[in-house]
Amino acid sequence: MDFEMWVEKYRPRSLSEMVDQKEIVARLQSFVDSQNVPHCIFAGPPGTGKTTAALCMAHDLYGAAYREHLMELNASDERGINVVREKVKAFARVRTLGEIPFKILILDEADNMTRDAQQALRRTMEKYTVTCRFILIANYSGRIIEPIQSRCAPFRFSYLKREDQAAQLRRVAEAESVELKDDGVEALYSVCGGDLRKSINSLQAAASIGKPVTAEVVYSVAGRANPVDVHAMIETAMQGNFVEARKQLREMILKFGVAGSDIVKQIHRDLFQLDIPEQWKIKLADAVGEVDFRLVEGGTEEVQLSALLAKLAEAGYELKGG
Amino acid sequence: MDPASWTSKHKPQSLKDVVGNDEVRTKFTQWLQSWKTGIPKQRAAFLHGPPGVGKTVTVESSANDFGFELVEKNASDYRTEESIRRFAGLASQYSGFFNKKRIILLDELDGVYGTVDRGAIPAITRIIKDTRVPIVLTANDYWDRRFTAFRDKKQYLILEFKKPTAREVLKHLTKIVRREGIAAEEEALRFIANRNQGDVRAAVNDLQALAQGKVKLTFEDVSWLAHRDRKDLIFSVLRQTVYGKSCETARRSIEAADVDLDMFFEWIYENAPHHFNDASDLSKAMTALASADTYRARIQRTRNWKLLPYMIDHMTAGVAMAREKSKPSGWVPFRFPQRMRMLSTTRGTRKTTKDIGSKIGRRLHISSAGSQRDILPYLRIIFEENPRMAAGLAEGFRLNEDEVIFIAGGKRKANPILKARNERGS
């Protein structure tokens, strides 16, 4: 019996096992060879190997017991300024035993840290450079304050190439004795883009059904994995049923725990596919952007988003020639 | 005791009906059992814990179960050394009539009747030393300095009572309404249970105050608990806000009323859409509320309360002035804020989701929110489709039974997974 998700089971343990991101891997390998690592920022979209690269590098540096020299923090779980002050300091200031005089601290989702916390982090990074190297992982490096960026070596991860992703999926399927059809591979790419984590999760969910993984199976899994129908909510609002649309929104947030920012993102994507005059799209996009900004500032998700739904209802009404 | 009070009317008669603290209660009965065959080393039990968690009722109901006679005294009876000796001294030397065994309960040592005398404590310890029947002491604060004499674990069975979970309290409340023949919404009972945070007695009192004489108990009935008698006030302010003709009337309505601002915001936010039937009016009203919310966020972030008037402007005058084209729509009743209702009913779900998220996240090197978003949906499919694979993953993530049931979407669907897991374990 298997106790791990396949994403974890087949996660590369060493830099040499990594697929794609060739140039980045080569540079990280040179850090390992020289036994010296600068502070780093790994930026890029989800599922492209940022955390894996950091873990692999630590593994190659310290060997099998690399966990003793490593701390992982996730900024979006513990993003306050106090966490940086306490946890990071406590870890960073104690010198490690062994040949390599520094430890590695991986700070995941660092772009979710408040500015204050980032300022505090900057001081800590300077003070403990000798004993600790930081790897900051982020989707957008732009959200990390300039003084930190200038202290770090930047690495930009990009979506996996189609053939690299396909090869990795086939490898996993073979090891798990799953019959993965060609159109299944195609479908996984079209559903997941170059997000390897998402595609392996989709593959595992599809395989759990116990039939050959075809395009049809992949698409049905993708549909089931996304019960939240932003598109239907937009339609409801544009047909003028604001109260019902708001109810759908409320369920997404409270029942399914969908983050407001994810809903904003999906609305933004959907907006440009709508069958409305082009001028309207950009007008509404402005409103979407405003909501996005206000959520970052701490606005209430449902209240901000329902103002947007009311705007959509208004647009729907005017388009009907109201 | 007042027979009309539900706390006594529905008091558990048997230990198995007592709410929460299962382990502690088992230890207590084992101790009582040992008195049947002789005199154990620990001649007294010291039960401590916050009020209303079932200390006294545990003693009373187990006396019932064991057929022991209960000699119960509370604080006022043993303030002085003299009074202690008078009643407990004798009682502790002889068992009851017809050889019926006896328990002495010294309740609420630090209870409402104030404090025991200094001389009283040594008197109690002396009596305990030679007692021939079990003596039980209860108190709220174990660390009270006067009780140092009772901390000797060789002589005292020390049992800490913890607050029962909201779920356990909920079960008890459900039982009561069933006996009273009241159809109560589960959300209503959960609200009461949550509000009283493990104090069963207080929860039952609240329930009685709200439900007695009713055939139905809804969430709306209960939600007034926090601010009773405010319904009319809120409605009139709400009317002035949604239908106000000038900024000034709309704004002033709220200042005059002294209502809780955050709650009142929810009332406007819930009801405004039902009172504007023109799409552009509605859009303006909702935009005004979003602006108010933005100020609320700024105040929260900066602690700058000077910004409060702007929040009020938008949520009152901003909404009132949105009315330009809406036609009068006749009488529309005001509704309780559904967002508040759903926040309360989904609290458990969100907590479970979050707990699962962080368990998974730790293994997969992602955040709790990230695993809720990116992993949980696929896990749900696997749990539905493939019990064997699901059982392995449940084991690997160290999910407990409740969490497995939650992901599988129900007990029935979870059964094959739990079965597969057990087979592996055996």
# chains A, B, ... in the order shown; residues from 1 in each chain; ligands from 1
>>> interface_residues(of="chain A", to="chain B", cutoff="6 Å", atoms="only C-alpha atoms", output="list in words")
Met1, Asp2, Phe3, Glu4, Asn74, Asp77, Ala205, Ser208, Ile209, Ala225, Gly298, Gly299, Val303, Gln304, Ala307, Ala310, Lys311 and Glu314 of chain A
>>> write_last_selection(atoms="C-alpha atoms", output="short mmCIF file (atom, residue, chain, number, x, y, z; two decimals), in the first residue's frame")
data_model
loop_
_atom_site.label_atom_id
_atom_site.label_comp_id
_atom_site.auth_asym_id
_atom_site.auth_seq_id
_atom_site.Cartn_x
_atom_site.Cartn_y
_atom_site.Cartn_z
CA MET A 1 0.00 0.00 0.00
CA ASP A 2 1.14 3.50 -0.83
CA PHE A 3 1.33 6.14 1.86
CA GLU A 4 2.31 9.08 -0.28
CA ASN A 74 5.64 28.81 4.93
CA ASP A 77 0.75 29.97 7.21
CA ALA A 205 -6.95 11.11 -9.27
CA SER A 208 -7.67 6.03 -8.90
CA ILE A 209 -10.81 5.41 -10.96
CA ALA A 225 -11.87 18.83 -8.91
CA GLY A 298 -7.86 43.59 4.16
CA GLY A 299 -11.34 44.18 2.73
CA VAL A 303 -18.59 42.37 0.50
CA GLN A 304 -16.01 43.50 -2.04
CA ALA A 307 -20.11 44.96 -5.26
CA ALA A 310 -23.79 44.16 -8.66
CA LYS A 311 -21.74 45.89 -11.37
CA GLU A 314 -25.92 46.46 -13.97
#
>>> select_by_dssp(residues="segment 46-204 of chain A", states="helix (DSSP H, G or I)", output="PDB file with N, CA and C atoms, in the first residue's frame")
ATOM      1  N   LYS A  50      10.160  24.911  -7.732  1.00  0.00           N
ATOM      2  CA  LYS A  50      10.924  25.827  -6.888  1.00  0.00           C
ATOM      3  C   LYS A  50      11.302  25.173  -5.550  1.00  0.00           C
ATOM      4  N   THR A  51      10.286  24.681  -4.856  1.00  0.00           N
ATOM      5  CA  THR A  51      10.559  24.043  -3.572  1.00  0.00           C
ATOM      6  C   THR A  51      11.416  22.799  -3.766  1.00  0.00           C
ATOM      7  N   THR A  52      11.102  22.029  -4.798  1.00  0.00           N
ATOM      8  CA  THR A  52      11.876  20.827  -5.077  1.00  0.00           C
ATOM      9  C   THR A  52      13.351  21.163  -5.304  1.00  0.00           C
ATOM     10  N   ALA A  53      13.618  22.206  -6.076  1.00  0.00           N
ATOM     11  CA  ALA A  53      15.005  22.591  -6.339  1.00  0.00           C
ATOM     12  C   ALA A  53      15.724  22.937  -5.042  1.00  0.00           C
ATOM     13  N   ALA A  54      15.025  23.658  -4.160  1.00  0.00           N
ATOM     14  CA  ALA A  54      15.644  24.043  -2.896  1.00  0.00           C
ATOM     15  C   ALA A  54      15.956  22.809  -2.050  1.00  0.00           C
ATOM     16  N   LEU A  55      14.990  21.884  -1.983  1.00  0.00           N
ATOM     17  CA  LEU A  55      15.198  20.670  -1.188  1.00  0.00           C
ATOM     18  C   LEU A  55      16.321  19.818  -1.787  1.00  0.00           C
ATOM     19  N   CYS A  56      16.325  19.706  -3.124  1.00  0.00           N
ATOM     20  CA  CYS A  56      17.365  18.919  -3.788  1.00  0.00           C
ATOM     21  C   CYS A  56      18.752  19.500  -3.517  1.00  0.00           C
ATOM     22  N   MET A  57      18.850  20.811  -3.608  1.00  0.00           N
ATOM     23  CA  MET A  57      20.152  21.432  -3.384  1.00  0.00           C
ATOM     24  C   MET A  57      20.625  21.153  -1.958  1.00  0.00           C
ATOM     25  N   ALA A  58      19.703  21.288  -0.996  1.00  0.00           N
ATOM     26  CA  ALA A  58      20.076  21.014   0.391  1.00  0.00           C
ATOM     27  C   ALA A  58      20.527  19.564   0.532  1.00  0.00           C
ATOM     28  N   HIS A  59      19.816  18.668  -0.115  1.00  0.00           N
ATOM     29  CA  HIS A  59      20.167  17.251  -0.058  1.00  0.00           C
ATOM     30  C   HIS A  59      21.572  17.016  -0.608  1.00  0.00           C
ATOM     31  N   ASP A  60      21.842  17.626  -1.759  1.00  0.00           N
ATOM     32  CA  ASP A  60      23.145  17.406  -2.386  1.00  0.00           C
ATOM     33  C   ASP A  60      24.280  18.046  -1.589  1.00  0.00           C
ATOM     34  N   LEU A  61      23.954  19.125  -0.891  1.00  0.00           N
ATOM     35  CA  LEU A  61      24.966  19.815  -0.083  1.00  0.00           C
ATOM     36  C   LEU A  61      25.336  19.017   1.165  1.00  0.00           C
ATOM     37  N   TYR A  62      24.316  18.597   1.897  1.00  0.00           N
ATOM     38  CA  TYR A  62      24.563  18.041   3.224  1.00  0.00           C
ATOM     39  C   TYR A  62      24.492  16.519   3.275  1.00  0.00           C
ATOM     40  N   TYR A  66      20.301  15.847   5.530  1.00  0.00           N
ATOM     41  CA  TYR A  66      20.166  17.278   5.223  1.00  0.00           C
ATOM     42  C   TYR A  66      19.086  17.973   6.029  1.00  0.00           C
ATOM     43  N   ARG A  67      18.112  17.202   6.529  1.00  0.00           N
ATOM     44  CA  ARG A  67      17.019  17.811   7.290  1.00  0.00           C
ATOM     45  C   ARG A  67      17.520  18.567   8.528  1.00  0.00           C
ATOM     46  N   GLU A  68      18.659  18.093   9.072  1.00  0.00           N
ATOM     47  CA  GLU A  68      19.186  18.737  10.279  1.00  0.00           C
ATOM     48  C   GLU A  68      19.728  20.135  10.017  1.00  0.00           C
ATOM     49  N   HIS A  69      20.002  20.403   8.754  1.00  0.00           N
ATOM     50  CA  HIS A  69      20.610  21.690   8.427  1.00  0.00           C
ATOM     51  C   HIS A  69      19.628  22.619   7.734  1.00  0.00           C
ATOM     52  N   ILE A  81       5.026  39.378  11.550  1.00  0.00           N
ATOM     53  CA  ILE A  81       6.362  39.882  11.782  1.00  0.00           C
ATOM     54  C   ILE A  81       7.035  39.119  12.917  1.00  0.00           C
ATOM     55  N   ASN A  82       6.228  38.639  13.859  1.00  0.00           N
ATOM     56  CA  ASN A  82       6.801  37.941  15.006  1.00  0.00           C
ATOM     57  C   ASN A  82       7.435  36.610  14.640  1.00  0.00           C
ATOM     58  N   VAL A  83       6.848  35.947  13.644  1.00  0.00           N
ATOM     59  CA  VAL A  83       7.403  34.670  13.222  1.00  0.00           C
ATOM     60  C   VAL A  83       8.810  34.864  12.699  1.00  0.00           C
ATOM     61  N   VAL A  84       8.963  35.905  11.875  1.00  0.00           N
ATOM     62  CA  VAL A  84      10.283  36.181  11.344  1.00  0.00           C
ATOM     63  C   VAL A  84      11.243  36.458  12.487  1.00  0.00           C
ATOM     64  N   ARG A  85      10.783  37.326  13.403  1.00  0.00           N
ATOM     65  CA  ARG A  85      11.639  37.691  14.521  1.00  0.00           C
ATOM     66  C   ARG A  85      12.081  36.456  15.303  1.00  0.00           C
ATOM     67  N   GLU A  86      11.102  35.628  15.647  1.00  0.00           N
ATOM     68  CA  GLU A  86      11.414  34.560  16.585  1.00  0.00           C
ATOM     69  C   GLU A  86      11.945  33.298  15.918  1.00  0.00           C
ATOM     70  N   LYS A  87      11.092  32.682  15.081  1.00  0.00           N
ATOM     71  CA  LYS A  87      11.487  31.405  14.500  1.00  0.00           C
ATOM     72  C   LYS A  87      12.747  31.533  13.655  1.00  0.00           C
ATOM     73  N   VAL A  88      12.738  32.525  12.776  1.00  0.00           N
ATOM     74  CA  VAL A  88      13.860  32.673  11.864  1.00  0.00           C
ATOM     75  C   VAL A  88      15.139  32.967  12.634  1.00  0.00           C
ATOM     76  N   LYS A  89      15.051  33.885  13.581  1.00  0.00           N
ATOM     77  CA  LYS A  89      16.248  34.230  14.351  1.00  0.00           C
ATOM     78  C   LYS A  89      16.787  33.038  15.109  1.00  0.00           C
ATOM     79  N   ALA A  90      15.861  32.355  15.806  1.00  0.00           N
ATOM     80  CA  ALA A  90      16.284  31.218  16.623  1.00  0.00           C
ATOM     81  C   ALA A  90      17.029  30.193  15.771  1.00  0.00           C
ATOM     82  N   PHE A  91      16.545  29.999  14.545  1.00  0.00           N
ATOM     83  CA  PHE A  91      17.190  29.029  13.675  1.00  0.00           C
ATOM     84  C   PHE A  91      18.487  29.591  13.102  1.00  0.00           C
ATOM     85  N   ALA A  92      18.420  30.848  12.670  1.00  0.00           N
ATOM     86  CA  ALA A  92      19.522  31.408  11.897  1.00  0.00           C
ATOM     87  C   ALA A  92      20.786  31.631  12.728  1.00  0.00           C
ATOM     88  N   ARG A  93      20.613  31.945  13.997  1.00  0.00           N
ATOM     89  CA  ARG A  93      21.800  32.409  14.701  1.00  0.00           C
ATOM     90  C   ARG A  93      22.677  31.286  15.256  1.00  0.00           C
ATOM     91  N   ALA A 110       7.050  33.549   0.061  1.00  0.00           N
ATOM     92  CA  ALA A 110       7.585  34.750   0.707  1.00  0.00           C
ATOM     93  C   ALA A 110       6.887  36.012   0.228  1.00  0.00           C
ATOM     94  N   ASP A 111       6.298  35.960  -0.962  1.00  0.00           N
ATOM     95  CA  ASP A 111       5.609  37.162  -1.452  1.00  0.00           C
ATOM     96  C   ASP A 111       4.301  37.411  -0.718  1.00  0.00           C
ATOM     97  N   ASN A 112       3.911  36.476   0.162  1.00  0.00           N
ATOM     98  CA  ASN A 112       2.727  36.719   0.975  1.00  0.00           C
ATOM     99  C   ASN A 112       3.068  37.400   2.300  1.00  0.00           C
ATOM    100  N   ARG A 115       4.927  43.792   4.411  1.00  0.00           N
ATOM    101  CA  ARG A 115       6.134  44.600   4.208  1.00  0.00           C
ATOM    102  C   ARG A 115       6.954  44.683   5.492  1.00  0.00           C
ATOM    103  N   ASP A 116       6.232  44.833   6.607  1.00  0.00           N
ATOM    104  CA  ASP A 116       6.927  44.913   7.895  1.00  0.00           C
ATOM    105  C   ASP A 116       7.774  43.668   8.143  1.00  0.00           C
ATOM    106  N   ALA A 117       7.141  42.528   7.888  1.00  0.00           N
ATOM    107  CA  ALA A 117       7.848  41.276   8.114  1.00  0.00           C
ATOM    108  C   ALA A 117       9.048  41.181   7.186  1.00  0.00           C
ATOM    109  N   GLN A 118       8.884  41.664   5.957  1.00  0.00           N
ATOM    110  CA  GLN A 118      10.006  41.624   5.022  1.00  0.00           C
ATOM    111  C   GLN A 118      11.154  42.525   5.474  1.00  0.00           C
ATOM    112  N   GLN A 119      10.803  43.688   6.025  1.00  0.00           N
ATOM    113  CA  GLN A 119      11.847  44.582   6.551  1.00  0.00           C
ATOM    114  C   GLN A 119      12.623  43.900   7.670  1.00  0.00           C
ATOM    115  N   ALA A 120      11.865  43.244   8.553  1.00  0.00           N
ATOM    116  CA  ALA A 120      12.512  42.544   9.665  1.00  0.00           C
ATOM    117  C   ALA A 120      13.409  41.434   9.129  1.00  0.00           C
ATOM    118  N   LEU A 121      12.928  40.767   8.099  1.00  0.00           N
ATOM    119  CA  LEU A 121      13.676  39.670   7.504  1.00  0.00           C
ATOM    120  C   LEU A 121      15.003  40.158   6.924  1.00  0.00           C
ATOM    121  N   ARG A 122      14.938  41.321   6.329  1.00  0.00           N
ATOM    122  CA  ARG A 122      16.129  41.876   5.696  1.00  0.00           C
ATOM    123  C   ARG A 122      17.258  42.048   6.711  1.00  0.00           C
ATOM    124  N   ARG A 123      16.932  42.575   7.875  1.00  0.00           N
ATOM    125  CA  ARG A 123      17.936  42.757   8.924  1.00  0.00           C
ATOM    126  C   ARG A 123      18.507  41.394   9.341  1.00  0.00           C
ATOM    127  N   THR A 124      17.608  40.442   9.531  1.00  0.00           N
ATOM    128  CA  THR A 124      18.042  39.113   9.963  1.00  0.00           C
ATOM    129  C   THR A 124      18.973  38.488   8.932  1.00  0.00           C
ATOM    130  N   MET A 125      18.625  38.665   7.660  1.00  0.00           N
ATOM    131  CA  MET A 125      19.451  38.088   6.602  1.00  0.00           C
ATOM    132  C   MET A 125      20.875  38.640   6.654  1.00  0.00           C
ATOM    133  N   GLU A 126      20.963  39.942   6.885  1.00  0.00           N
ATOM    134  CA  GLU A 126      22.282  40.564   6.955  1.00  0.00           C
ATOM    135  C   GLU A 126      23.076  40.060   8.138  1.00  0.00           C
ATOM    136  N   LYS A 127      22.394  40.041   9.267  1.00  0.00           N
ATOM    137  CA  LYS A 127      23.075  39.759  10.517  1.00  0.00           C
ATOM    138  C   LYS A 127      23.622  38.331  10.570  1.00  0.00           C
ATOM    139  N   SER A 141       8.390  37.764  -7.915  1.00  0.00           N
ATOM    140  CA  SER A 141       9.505  38.362  -7.190  1.00  0.00           C
ATOM    141  C   SER A 141       9.255  39.849  -6.964  1.00  0.00           C
ATOM    142  N   GLY A 142       8.399  40.447  -7.793  1.00  0.00           N
ATOM    143  CA  GLY A 142       8.111  41.866  -7.654  1.00  0.00           C
ATOM    144  C   GLY A 142       7.471  42.229  -6.332  1.00  0.00           C
ATOM    145  N   ARG A 143       6.858  41.241  -5.676  1.00  0.00           N
ATOM    146  CA  ARG A 143       6.211  41.540  -4.402  1.00  0.00           C
ATOM    147  C   ARG A 143       7.200  41.474  -3.243  1.00  0.00           C
ATOM    148  N   GLU A 146      12.593  45.656  -2.518  1.00  0.00           N
ATOM    149  CA  GLU A 146      13.836  45.891  -3.262  1.00  0.00           C
ATOM    150  C   GLU A 146      15.094  45.533  -2.459  1.00  0.00           C
ATOM    151  N   PRO A 147      15.212  46.007  -1.208  1.00  0.00           N
ATOM    152  CA  PRO A 147      16.448  45.713  -0.453  1.00  0.00           C
ATOM    153  C   PRO A 147      16.713  44.214  -0.296  1.00  0.00           C
ATOM    154  N   ILE A 148      15.684  43.415  -0.222  1.00  0.00           N
ATOM    155  CA  ILE A 148      15.904  41.967  -0.133  1.00  0.00           C
ATOM    156  C   ILE A 148      16.319  41.435  -1.498  1.00  0.00           C
ATOM    157  N   GLN A 149      15.610  41.905  -2.527  1.00  0.00           N
ATOM    158  CA  GLN A 149      15.944  41.435  -3.876  1.00  0.00           C
ATOM    159  C   GLN A 149      17.410  41.675  -4.202  1.00  0.00           C
ATOM    160  N   ARG A 162       6.231  21.260 -22.795  1.00  0.00           N
ATOM    161  CA  ARG A 162       5.258  20.205 -23.047  1.00  0.00           C
ATOM    162  C   ARG A 162       5.897  18.815 -23.000  1.00  0.00           C
ATOM    163  N   GLU A 163       7.033  18.652 -23.691  1.00  0.00           N
ATOM    164  CA  GLU A 163       7.610  17.307 -23.795  1.00  0.00           C
ATOM    165  C   GLU A 163       8.229  16.859 -22.460  1.00  0.00           C
ATOM    166  N   ASP A 164       8.755  17.814 -21.704  1.00  0.00           N
ATOM    167  CA  ASP A 164       9.312  17.436 -20.396  1.00  0.00           C
ATOM    168  C   ASP A 164       8.216  16.949 -19.458  1.00  0.00           C
ATOM    169  N   GLN A 165       7.106  17.689 -19.465  1.00  0.00           N
ATOM    170  CA  GLN A 165       5.993  17.296 -18.613  1.00  0.00           C
ATOM    171  C   GLN A 165       5.453  15.926 -19.031  1.00  0.00           C
ATOM    172  N   ALA A 166       5.294  15.743 -20.345  1.00  0.00           N
ATOM    173  CA  ALA A 166       4.768  14.475 -20.844  1.00  0.00           C
ATOM    174  C   ALA A 166       5.677  13.322 -20.426  1.00  0.00           C
ATOM    175  N   ALA A 167       6.986  13.532 -20.552  1.00  0.00           N
ATOM    176  CA  ALA A 167       7.925  12.465 -20.219  1.00  0.00           C
ATOM    177  C   ALA A 167       7.812  12.094 -18.745  1.00  0.00           C
ATOM    178  N   GLN A 168       7.712  13.106 -17.890  1.00  0.00           N
ATOM    179  CA  GLN A 168       7.623  12.837 -16.459  1.00  0.00           C
ATOM    180  C   GLN A 168       6.320  12.109 -16.118  1.00  0.00           C
ATOM    181  N   LEU A 169       5.225  12.524 -16.746  1.00  0.00           N
ATOM    182  CA  LEU A 169       3.935  11.858 -16.502  1.00  0.00           C
ATOM    183  C   LEU A 169       3.996  10.397 -16.940  1.00  0.00           C
ATOM    184  N   ARG A 170       4.637  10.151 -18.084  1.00  0.00           N
ATOM    185  CA  ARG A 170       4.735   8.773 -18.580  1.00  0.00           C
ATOM    186  C   ARG A 170       5.577   7.926 -17.619  1.00  0.00           C
ATOM    187  N   ARG A 171       6.623   8.535 -17.083  1.00  0.00           N
ATOM    188  CA  ARG A 171       7.489   7.816 -16.155  1.00  0.00           C
ATOM    189  C   ARG A 171       6.694   7.400 -14.902  1.00  0.00           C
ATOM    190  N   VAL A 172       5.940   8.348 -14.378  1.00  0.00           N
ATOM    191  CA  VAL A 172       5.138   8.046 -13.188  1.00  0.00           C
ATOM    192  C   VAL A 172       4.119   6.955 -13.506  1.00  0.00           C
ATOM    193  N   ALA A 173       3.446   7.100 -14.635  1.00  0.00           N
ATOM    194  CA  ALA A 173       2.415   6.136 -15.009  1.00  0.00           C
ATOM    195  C   ALA A 173       3.007   4.740 -15.130  1.00  0.00           C
ATOM    196  N   GLU A 174       4.187   4.659 -15.736  1.00  0.00           N
ATOM    197  CA  GLU A 174       4.807   3.359 -15.919  1.00  0.00           C
ATOM    198  C   GLU A 174       5.159   2.728 -14.571  1.00  0.00           C
ATOM    199  N   ALA A 175       5.759   3.539 -13.695  1.00  0.00           N
ATOM    200  CA  ALA A 175       6.139   3.018 -12.383  1.00  0.00           C
ATOM    201  C   ALA A 175       4.921   2.555 -11.594  1.00  0.00           C
ATOM    202  N   ASP A 182      -2.224   8.374 -25.093  1.00  0.00           N
ATOM    203  CA  ASP A 182      -1.654   9.595 -25.664  1.00  0.00           C
ATOM    204  C   ASP A 182      -2.590  10.788 -25.514  1.00  0.00           C
ATOM    205  N   ASP A 183      -3.877  10.559 -25.780  1.00  0.00           N
ATOM    206  CA  ASP A 183      -4.787  11.700 -25.658  1.00  0.00           C
ATOM    207  C   ASP A 183      -4.963  12.101 -24.190  1.00  0.00           C
ATOM    208  N   GLY A 184      -4.698  11.177 -23.260  1.00  0.00           N
ATOM    209  CA  GLY A 184      -4.702  11.509 -21.835  1.00  0.00           C
ATOM    210  C   GLY A 184      -3.571  12.478 -21.510  1.00  0.00           C
ATOM    211  N   VAL A 185      -2.403  12.223 -22.070  1.00  0.00           N
ATOM    212  CA  VAL A 185      -1.260  13.110 -21.856  1.00  0.00           C
ATOM    213  C   VAL A 185      -1.569  14.500 -22.398  1.00  0.00           C
ATOM    214  N   GLU A 186      -2.130  14.525 -23.616  1.00  0.00           N
ATOM    215  CA  GLU A 186      -2.504  15.802 -24.231  1.00  0.00           C
ATOM    216  C   GLU A 186      -3.474  16.561 -23.331  1.00  0.00           C
ATOM    217  N   ALA A 187      -4.493  15.837 -22.848  1.00  0.00           N
ATOM    218  CA  ALA A 187      -5.521  16.463 -22.015  1.00  0.00           C
ATOM    219  C   ALA A 187      -4.907  17.003 -20.725  1.00  0.00           C
ATOM    220  N   LEU A 188      -3.984  16.252 -20.132  1.00  0.00           N
ATOM    221  CA  LEU A 188      -3.345  16.722 -18.895  1.00  0.00           C
ATOM    222  C   LEU A 188      -2.609  18.029 -19.148  1.00  0.00           C
ATOM    223  N   TYR A 189      -1.996  18.129 -20.325  1.00  0.00           N
ATOM    224  CA  TYR A 189      -1.290  19.382 -20.608  1.00  0.00           C
ATOM    225  C   TYR A 189      -2.284  20.516 -20.807  1.00  0.00           C
ATOM    226  N   SER A 190      -3.376  20.241 -21.496  1.00  0.00           N
ATOM    227  CA  SER A 190      -4.287  21.356 -21.771  1.00  0.00           C
ATOM    228  C   SER A 190      -5.019  21.790 -20.493  1.00  0.00           C
ATOM    229  N   VAL A 191      -5.204  20.877 -19.558  1.00  0.00           N
ATOM    230  CA  VAL A 191      -5.875  21.243 -18.312  1.00  0.00           C
ATOM    231  C   VAL A 191      -4.908  21.917 -17.331  1.00  0.00           C
ATOM    232  N   CYS A 192      -3.679  21.442 -17.288  1.00  0.00           N
ATOM    233  CA  CYS A 192      -2.758  21.885 -16.237  1.00  0.00           C
ATOM    234  C   CYS A 192      -1.663  22.828 -16.726  1.00  0.00           C
ATOM    235  N   LEU A 196       3.477  21.014 -13.103  1.00  0.00           N
ATOM    236  CA  LEU A 196       3.713  19.579 -12.954  1.00  0.00           C
ATOM    237  C   LEU A 196       2.976  19.001 -11.749  1.00  0.00           C
ATOM    238  N   ARG A 197       2.932  19.779 -10.652  1.00  0.00           N
ATOM    239  CA  ARG A 197       2.237  19.277  -9.464  1.00  0.00           C
ATOM    240  C   ARG A 197       0.777  18.985  -9.782  1.00  0.00           C
ATOM    241  N   LYS A 198       0.147  19.959 -10.425  1.00  0.00           N
ATOM    242  CA  LYS A 198      -1.267  19.794 -10.756  1.00  0.00           C
ATOM    243  C   LYS A 198      -1.459  18.611 -11.698  1.00  0.00           C
ATOM    244  N   SER A 199      -0.541  18.442 -12.657  1.00  0.00           N
ATOM    245  CA  SER A 199      -0.753  17.376 -13.627  1.00  0.00           C
ATOM    246  C   SER A 199      -0.543  16.006 -12.996  1.00  0.00           C
ATOM    247  N   ILE A 200       0.397  15.902 -12.061  1.00  0.00           N
ATOM    248  CA  ILE A 200       0.586  14.600 -11.408  1.00  0.00           C
ATOM    249  C   ILE A 200      -0.591  14.294 -10.475  1.00  0.00           C
ATOM    250  N   ASN A 201      -1.080  15.322  -9.774  1.00  0.00           N
ATOM    251  CA  ASN A 201      -2.274  15.106  -8.955  1.00  0.00           C
ATOM    252  C   ASN A 201      -3.460  14.677  -9.806  1.00  0.00           C
ATOM    253  N   SER A 202      -3.616  15.326 -10.946  1.00  0.00           N
ATOM    254  CA  SER A 202      -4.723  14.955 -11.832  1.00  0.00           C
ATOM    255  C   SER A 202      -4.561  13.524 -12.311  1.00  0.00           C
ATOM    256  N   LEU A 203      -3.318  13.175 -12.645  1.00  0.00           N
ATOM    257  CA  LEU A 203      -3.059  11.814 -13.105  1.00  0.00           C
ATOM    258  C   LEU A 203      -3.416  10.801 -12.022  1.00  0.00           C
ATOM    259  N   GLN A 204      -3.021  11.104 -10.784  1.00  0.00           N
ATOM    260  CA  GLN A 204      -3.302  10.154  -9.708  1.00  0.00           C
ATOM    261  C   GLN A 204      -4.806  10.014  -9.474  1.00  0.00           C
TER     262      GLN A 204
END
>>> residues_around(residues="Gln42 of chain B", least_positions_apart="6", cutoff="12 Å", atoms="only C-alpha atoms", output="PyMOL selection string")
chain B and resi 28+30-32+34-35+128-136+150-158
>>> residues_around(residues="Gly20 of chain B", least_positions_apart="5", cutoff="8 Å", atoms="only C-alpha atoms", output="JSON, numbers by chain")
{"B": [53, 163, 164, 165, 168, 169]}
>>> write_last_selection(atoms="N, CA and C atoms", output="compact mmCIF listing (two decimals), in the first residue's frame")
# COMPACT_ATOMS: atom_id res chain seq x y z
N VAL B 53 -18.88 22.10 34.24
CA VAL B 53 -18.34 21.05 33.38
C VAL B 53 -18.69 19.66 33.87
N LYS B 163 -13.33 21.33 29.97
CA LYS B 163 -14.57 21.75 29.32
C LYS B 163 -14.94 20.76 28.23
N PRO B 164 -16.18 20.30 28.22
CA PRO B 164 -16.60 19.43 27.13
C PRO B 164 -16.55 20.20 25.81
N THR B 165 -16.39 19.48 24.71
CA THR B 165 -16.37 20.16 23.41
C THR B 165 -17.77 20.65 23.07
N GLU B 168 -20.03 17.85 22.18
CA GLU B 168 -20.63 17.09 23.28
C GLU B 168 -21.79 17.86 23.91
N VAL B 169 -21.59 19.18 24.06
CA VAL B 169 -22.66 19.99 24.62
C VAL B 169 -23.87 19.96 23.69
>>> closest_residue(among="A:Cys40, A:Leu160, A:Leu319, A:Ala207", to="Gly194 of chain A", atoms="only C-alpha atoms")
A:Leu160
